[in-house]
Amino acid sequence: MMLPAPAPPSPADAPPASVRVGRQAIFDRQLEVFGYELLFRSADSGNRCTSIDGDNATSSTILNAFIEIGFDRLTGGKPAFLNLTRNFFTEMPHLPFQPDAVVLEVLEDIPVDDRLIEAVRQLHDQGYRVALDDYLFEQRWQPLLPWVDIVKVEITEQSLAEMPHRTAPLRERGLTLLAEKVETREQYRFLLECGFELFQGYFFARPEVIREDRLPESHLVVIRLLAQLNDPQVEIEQIAELIAQDPALSYKMLRLINSAAVGLSRQVDSIHQAVVLLGLQRVRAWASLFVMAGVDHAPSELLHLGLFRAALCERLSRQSGIGRPDTGYTMGLLSILDGLLSLPMAQAVQELPLPPEIQRAISHHEGEHGLLLRAALALEAGTPLPKDSRLQLDDNSLMDTFLAASEQAFAVLDALH
């Protein structure tokens, strides 16, 4: 018999201040985002990034908080992968999420017994997708496999060679294989050949070594345009003229500026007018974004990551008084340059006429703006912020900052496309 859905959470049941969240993208074989794993850290877990607590009341509080928040704000409508403990599976009532909104992960340290097997079977029958986390090819998981959809396998250099043999029985059962902690494009390509369908890790954002004396011409064009756009000596008229020289870039810029994602109260008809209304730094940043989006084979999630970091750095700057918000936005956006251009970051930023302190902030995370970028990276991963008295923001503020930056990044990326 299905238990009734829980009552809507009251403010007392769902204090967002008790929860922080990081997230990591999960990709399909075409490097399109399949979903996001959400990494929770409760206020009482210290500096540790944890799964949802096994205690039923704590689990309810966290889940209710995310009912109020809405998964779309965190995942842009993609499925949310949730790490869950034994008590969640065996004690929780009817889930308050639609089956296509989540993938429920069984943690690797959960004992497999009849009660767990029955709980997972019931979830499977209700249409929920269940994943086994950190699968180690142990016999004890066999009773669960008929009710599981996805098997997550942690990848190491030592384990790569044996993957084709070890995963063959899982592929024969029709299970979807997800590779965790994929660090390089070479690993990703090898795992593609092994039959993995999903991939998780920062391989998509890391520079791939180019074994040529010269950069591809397309990359050189991008660097030249970025250098012109970010020249500190450039004037408004020069920026407007530079953008107007490329009709496609000019059209895309005006379409973005007039979109709901920007939310201006009046129609903008020219780049010069946009600079007056939005400021030179923001127009530079968005023009740079369109230039970077033109790089061949750039995963969409890489651009999303840059937009998310940009929004985080800007908002953290406003809240803390550290650095300049517009500079923080540009710095966050350019923090993906190494992965985009397949260059070490120090070399990528040297190609641009950025002030030395901004170059050091992006490449070495030094100075005030470097502190903002380190804080943005920590929020992205769900880990503690750098120790600085100006960054000691309460959990409510941090959660609001994370959600607002997430919504802003998804909206701009949607307008970009």
# chains A, B, ... in the order shown; residues from 1 in each chain; ligands from 1
>>> residues_around(residues="Glu37 in chain A", least_positions_apart="4", cutoff="12 Å", atoms="only C-alpha atoms", output="PyMOL selection string")
chain A and resi 21-27+33+51+71+74-75+78-84+101-105+131+133+152+180+199-201+380-382
>>> write_last_selection(atoms="N, CA, C and O atoms", output="short mmCIF file (atom, residue, chain, number, x, y, z; two decimals), in the first residue's frame")
data_model
loop_
_atom_site.label_atom_id
_atom_site.label_comp_id
_atom_site.auth_asym_id
_atom_site.auth_seq_id
_atom_site.Cartn_x
_atom_site.Cartn_y
_atom_site.Cartn_z
N VAL A 21 24.84 23.06 -0.80
CA VAL A 21 24.83 22.08 -1.88
C VAL A 21 25.89 22.44 -2.91
O VAL A 21 26.09 23.61 -3.22
N GLY A 22 26.59 21.43 -3.38
CA GLY A 22 27.44 21.56 -4.55
C GLY A 22 26.83 20.71 -5.64
O GLY A 22 25.85 19.99 -5.41
N ARG A 23 27.36 20.77 -6.82
CA ARG A 23 26.82 19.93 -7.88
C ARG A 23 27.91 19.64 -8.90
O ARG A 23 28.89 20.38 -9.03
N GLN A 24 27.73 18.54 -9.60
CA GLN A 24 28.65 18.14 -10.65
C GLN A 24 27.86 17.58 -11.81
O GLN A 24 26.94 16.77 -11.62
N ALA A 25 28.22 18.01 -13.01
CA ALA A 25 27.49 17.58 -14.20
C ALA A 25 27.79 16.13 -14.53
O ALA A 25 28.88 15.62 -14.29
N ILE A 26 26.79 15.47 -15.11
CA ILE A 26 26.91 14.11 -15.63
C ILE A 26 26.57 14.17 -17.12
O ILE A 26 25.51 14.69 -17.49
N PHE A 27 27.48 13.67 -17.95
CA PHE A 27 27.37 13.82 -19.40
C PHE A 27 26.98 12.52 -20.08
O PHE A 27 27.29 11.43 -19.58
N VAL A 33 24.72 17.47 -21.27
CA VAL A 33 24.44 17.20 -19.85
C VAL A 33 23.22 16.30 -19.73
O VAL A 33 22.14 16.61 -20.23
N SER A 51 26.40 12.88 2.23
CA SER A 51 25.13 12.49 1.64
C SER A 51 24.03 12.94 2.58
O SER A 51 24.28 13.45 3.66
N PHE A 71 13.94 21.83 -7.91
CA PHE A 71 15.12 21.26 -8.55
C PHE A 71 15.53 22.02 -9.80
O PHE A 71 16.72 22.07 -10.15
N LEU A 74 18.38 24.34 -9.61
CA LEU A 74 19.69 23.73 -9.43
C LEU A 74 20.15 22.95 -10.65
O LEU A 74 21.35 22.81 -10.89
N THR A 75 19.21 22.41 -11.40
CA THR A 75 19.58 21.49 -12.47
C THR A 75 19.10 21.92 -13.85
O THR A 75 19.37 21.23 -14.83
N LYS A 78 17.18 19.19 -15.69
CA LYS A 78 17.80 17.88 -15.84
C LYS A 78 17.60 17.06 -14.57
O LYS A 78 17.37 17.61 -13.49
N PRO A 79 17.71 15.72 -14.64
CA PRO A 79 17.54 14.91 -13.44
C PRO A 79 18.60 15.22 -12.38
O PRO A 79 19.75 15.51 -12.69
N ALA A 80 18.19 15.16 -11.12
CA ALA A 80 19.09 15.36 -9.99
C ALA A 80 19.48 13.99 -9.42
O ALA A 80 18.60 13.20 -9.06
N PHE A 81 20.77 13.71 -9.36
CA PHE A 81 21.27 12.48 -8.73
C PHE A 81 21.47 12.76 -7.25
O PHE A 81 22.19 13.70 -6.88
N LEU A 82 20.84 11.96 -6.38
CA LEU A 82 20.88 12.18 -4.94
C LEU A 82 21.51 10.98 -4.24
O LEU A 82 21.05 9.84 -4.41
N ASN A 83 22.54 11.22 -3.45
CA ASN A 83 23.14 10.17 -2.63
C ASN A 83 22.27 9.95 -1.39
O ASN A 83 22.03 10.87 -0.62
N LEU A 84 21.84 8.72 -1.19
CA LEU A 84 20.92 8.43 -0.09
C LEU A 84 21.42 7.25 0.74
O LEU A 84 22.07 6.34 0.22
N ALA A 101 12.43 13.31 -12.30
CA ALA A 101 13.18 14.45 -11.76
C ALA A 101 14.44 14.02 -11.02
O ALA A 101 15.31 14.86 -10.76
N VAL A 102 14.54 12.74 -10.63
CA VAL A 102 15.64 12.32 -9.77
C VAL A 102 16.20 10.97 -10.21
O VAL A 102 15.52 10.19 -10.88
N VAL A 103 17.43 10.72 -9.80
CA VAL A 103 18.03 9.38 -9.82
C VAL A 103 18.50 9.13 -8.39
O VAL A 103 19.26 9.93 -7.84
N LEU A 104 18.04 8.06 -7.77
CA LEU A 104 18.31 7.79 -6.36
C LEU A 104 19.52 6.85 -6.27
O LEU A 104 19.48 5.74 -6.79
N GLU A 105 20.56 7.29 -5.58
CA GLU A 105 21.81 6.53 -5.50
C GLU A 105 21.90 5.77 -4.18
O GLU A 105 21.76 6.36 -3.10
N ALA A 131 20.43 4.06 -8.85
CA ALA A 131 21.83 3.86 -9.23
C ALA A 131 22.60 3.28 -8.06
O ALA A 131 22.33 3.62 -6.90
N ASP A 133 26.10 3.39 -6.26
CA ASP A 133 27.23 4.32 -6.21
C ASP A 133 28.52 3.57 -5.90
O ASP A 133 28.54 2.63 -5.11
N LYS A 152 27.36 3.07 -11.14
CA LYS A 152 28.44 4.07 -11.15
C LYS A 152 29.76 3.40 -10.76
O LYS A 152 29.86 2.80 -9.69
N GLU A 180 32.69 7.47 -13.00
CA GLU A 180 32.94 8.58 -12.07
C GLU A 180 34.41 8.95 -12.06
O GLU A 180 35.28 8.12 -12.33
N PHE A 199 29.14 9.92 -17.98
CA PHE A 199 30.49 10.28 -17.54
C PHE A 199 30.41 11.46 -16.57
O PHE A 199 29.67 12.41 -16.79
N GLN A 200 31.19 11.36 -15.51
CA GLN A 200 31.19 12.38 -14.47
C GLN A 200 32.63 12.70 -14.10
O GLN A 200 33.46 11.81 -13.94
N GLY A 201 32.92 13.98 -13.95
CA GLY A 201 34.28 14.41 -13.63
C GLY A 201 34.58 15.72 -14.33
O GLY A 201 33.76 16.23 -15.10
N GLU A 380 30.79 25.94 -5.76
CA GLU A 380 30.50 25.02 -6.86
C GLU A 380 30.64 23.56 -6.42
O GLU A 380 29.85 22.70 -6.80
N ALA A 381 31.66 23.29 -5.60
CA ALA A 381 31.94 21.92 -5.17
C ALA A 381 31.24 21.55 -3.87
O ALA A 381 31.28 20.39 -3.46
N GLY A 382 30.62 22.52 -3.20
CA GLY A 382 29.96 22.24 -1.93
C GLY A 382 30.94 22.09 -0.79
O GLY A 382 30.65 21.40 0.19
#
>>> select_by_dssp(residues="range 150-359 of chain A", states="strand (DSSP E)", output="list in words")
Ile150, Val151, Lys152, Val153, Glu154, Thr176, Leu177, Leu178, Ala179, Glu180, Leu198, Phe199 and Gln200 of chain A
>>> residues_around(residues="Leu254 in chain A", least_positions_apart="4", cutoff="8 Å", atoms="only C-alpha atoms", output="list in words")
Ser250, Asn258, Val268, Asp269, Ser270 and Ile271 of chain A
>>> atom_distance(atom1="CA of Val106 in chain A", atom2="CA of Gln30 in chain A")
26.3 Å
>>> atom_distance(atom1="CA of Thr90 in chain A", atom2="CA of Leu116 in chain A")
6.2 Å
>>> closest_residue(among="A:Gln267, A:Ser288, A:Gln392, A:Thr167", to="Val222 in chain A", atoms="only C-alpha atoms")
A:Ser288
>>> residues_around(residues="Met331 in chain A", least_positions_apart="3", cutoff="8 Å", atoms="only C-alpha atoms", output="PyMOL selection string")
chain A and resi 310+313+327-328+334-335+358+361-362+369+373
>>> residues_around(residues="Gly127 in chain A", least_positions_apart="2", cutoff="9 Å", atoms="only C-alpha atoms", output="mmCIF file with N, CA and C atoms, in the first residue's frame")
data_model
loop_
_atom_site.group_PDB
_atom_site.id
_atom_site.type_symbol
_atom_site.label_atom_id
_atom_site.label_comp_id
_atom_site.auth_asym_id
_atom_site.auth_seq_id
_atom_site.Cartn_x
_atom_site.Cartn_y
_atom_site.Cartn_z
ATOM 1 N N GLN A 98 8.613 13.758 -8.824
ATOM 2 C CA GLN A 98 8.256 12.963 -9.985
ATOM 3 C C GLN A 98 9.429 12.039 -10.333
ATOM 4 N N PRO A 99 9.146 10.816 -10.794
ATOM 5 C CA PRO A 99 10.232 9.870 -11.068
ATOM 6 C C PRO A 99 11.282 10.398 -12.042
ATOM 7 N N ASP A 100 10.877 11.201 -13.035
ATOM 8 C CA ASP A 100 11.865 11.658 -14.013
ATOM 9 C C ASP A 100 12.719 12.816 -13.506
ATOM 10 N N GLN A 122 10.336 -1.628 -4.960
ATOM 11 C CA GLN A 122 9.139 -0.806 -4.969
ATOM 12 C C GLN A 122 9.386 0.519 -5.691
ATOM 13 N N LEU A 123 10.541 1.126 -5.441
ATOM 14 C CA LEU A 123 10.868 2.378 -6.131
ATOM 15 C C LEU A 123 10.954 2.147 -7.638
ATOM 16 N N HIS A 124 11.590 1.038 -8.028
ATOM 17 C CA HIS A 124 11.699 0.687 -9.443
ATOM 18 C C HIS A 124 10.313 0.517 -10.054
ATOM 19 N N ASP A 125 9.419 -0.147 -9.356
ATOM 20 C CA ASP A 125 8.066 -0.375 -9.861
ATOM 21 C C ASP A 125 7.277 0.928 -9.985
ATOM 22 N N ARG A 129 14.314 5.818 -11.052
ATOM 23 C CA ARG A 129 15.586 5.236 -11.449
ATOM 24 C C ARG A 129 16.494 5.144 -10.234
#
>>> atom_distance(atom1="CA of Leu107 in chain A", atom2="CA of Tyr135 in chain A")
9.1 Å
>>> residues_around(residues="Phe89 in chain A", least_positions_apart="2", cutoff="8 Å", atoms="only C-alpha atoms", output="compact mmCIF listing (two decimals) with N, CA and C atoms, in the first residue's frame")
# COMPACT_ATOMS: atom_id res chain seq x y z
N LEU A 84 21.84 8.72 -1.19
CA LEU A 84 20.92 8.43 -0.09
C LEU A 84 21.42 7.25 0.74
N THR A 85 21.12 7.29 2.03
CA THR A 85 21.55 6.23 2.93
C THR A 85 20.44 5.21 3.15
N ARG A 86 20.75 4.17 3.90
CA ARG A 86 19.82 3.06 4.09
C ARG A 86 18.47 3.51 4.65
N ASN A 87 18.50 4.36 5.69
CA ASN A 87 17.25 4.77 6.32
C ASN A 87 16.30 5.45 5.34
N GLU A 91 12.86 3.71 5.33
CA GLU A 91 11.94 4.39 6.24
C GLU A 91 11.11 5.49 5.60
N MET A 92 11.58 6.04 4.48
CA MET A 92 10.89 7.21 3.93
C MET A 92 9.54 6.84 3.35
N LEU A 116 16.15 -3.87 2.18
CA LEU A 116 16.64 -2.92 1.18
C LEU A 116 16.22 -3.34 -0.22
N ALA A 119 12.66 -2.43 -0.80
CA ALA A 119 12.47 -0.99 -0.95
C ALA A 119 12.89 -0.52 -2.34
N VAL A 120 14.03 -1.01 -2.81
CA VAL A 120 14.51 -0.63 -4.14
C VAL A 120 13.56 -1.16 -5.22
>>> select_by_dssp(residues="range 136-246 of chain A", states="helix (DSSP H, G or I)", output="MDAnalysis selection string")
chainID A and resid 139:147 160:172 185:193 203:205 217:229 236:244
>>> closest_residue(among="A:Cys194, A:Ala409, A:Leu136, A:Ala260", to="Pro164 in chain A", atoms="only C-alpha atoms")
A:Cys194
>>> closest_residue(among="A:Tyr251, A:Phe410, A:Trp141, A:Phe402", to="Leu307 in chain A", atoms="only C-alpha atoms")
A:Phe410
>>> closest_residue(among="A:Arg206, A:Arg309, A:Arg315, A:Arg171", to="Ser342 in chain A", atoms="only C-alpha atoms")
A:Arg206
>>> closest_residue(among="A:Arg73, A:Tyr36, A:Leu31, A:Leu280", to="Gln233 in chain A", atoms="only C-alpha atoms")
A:Leu280
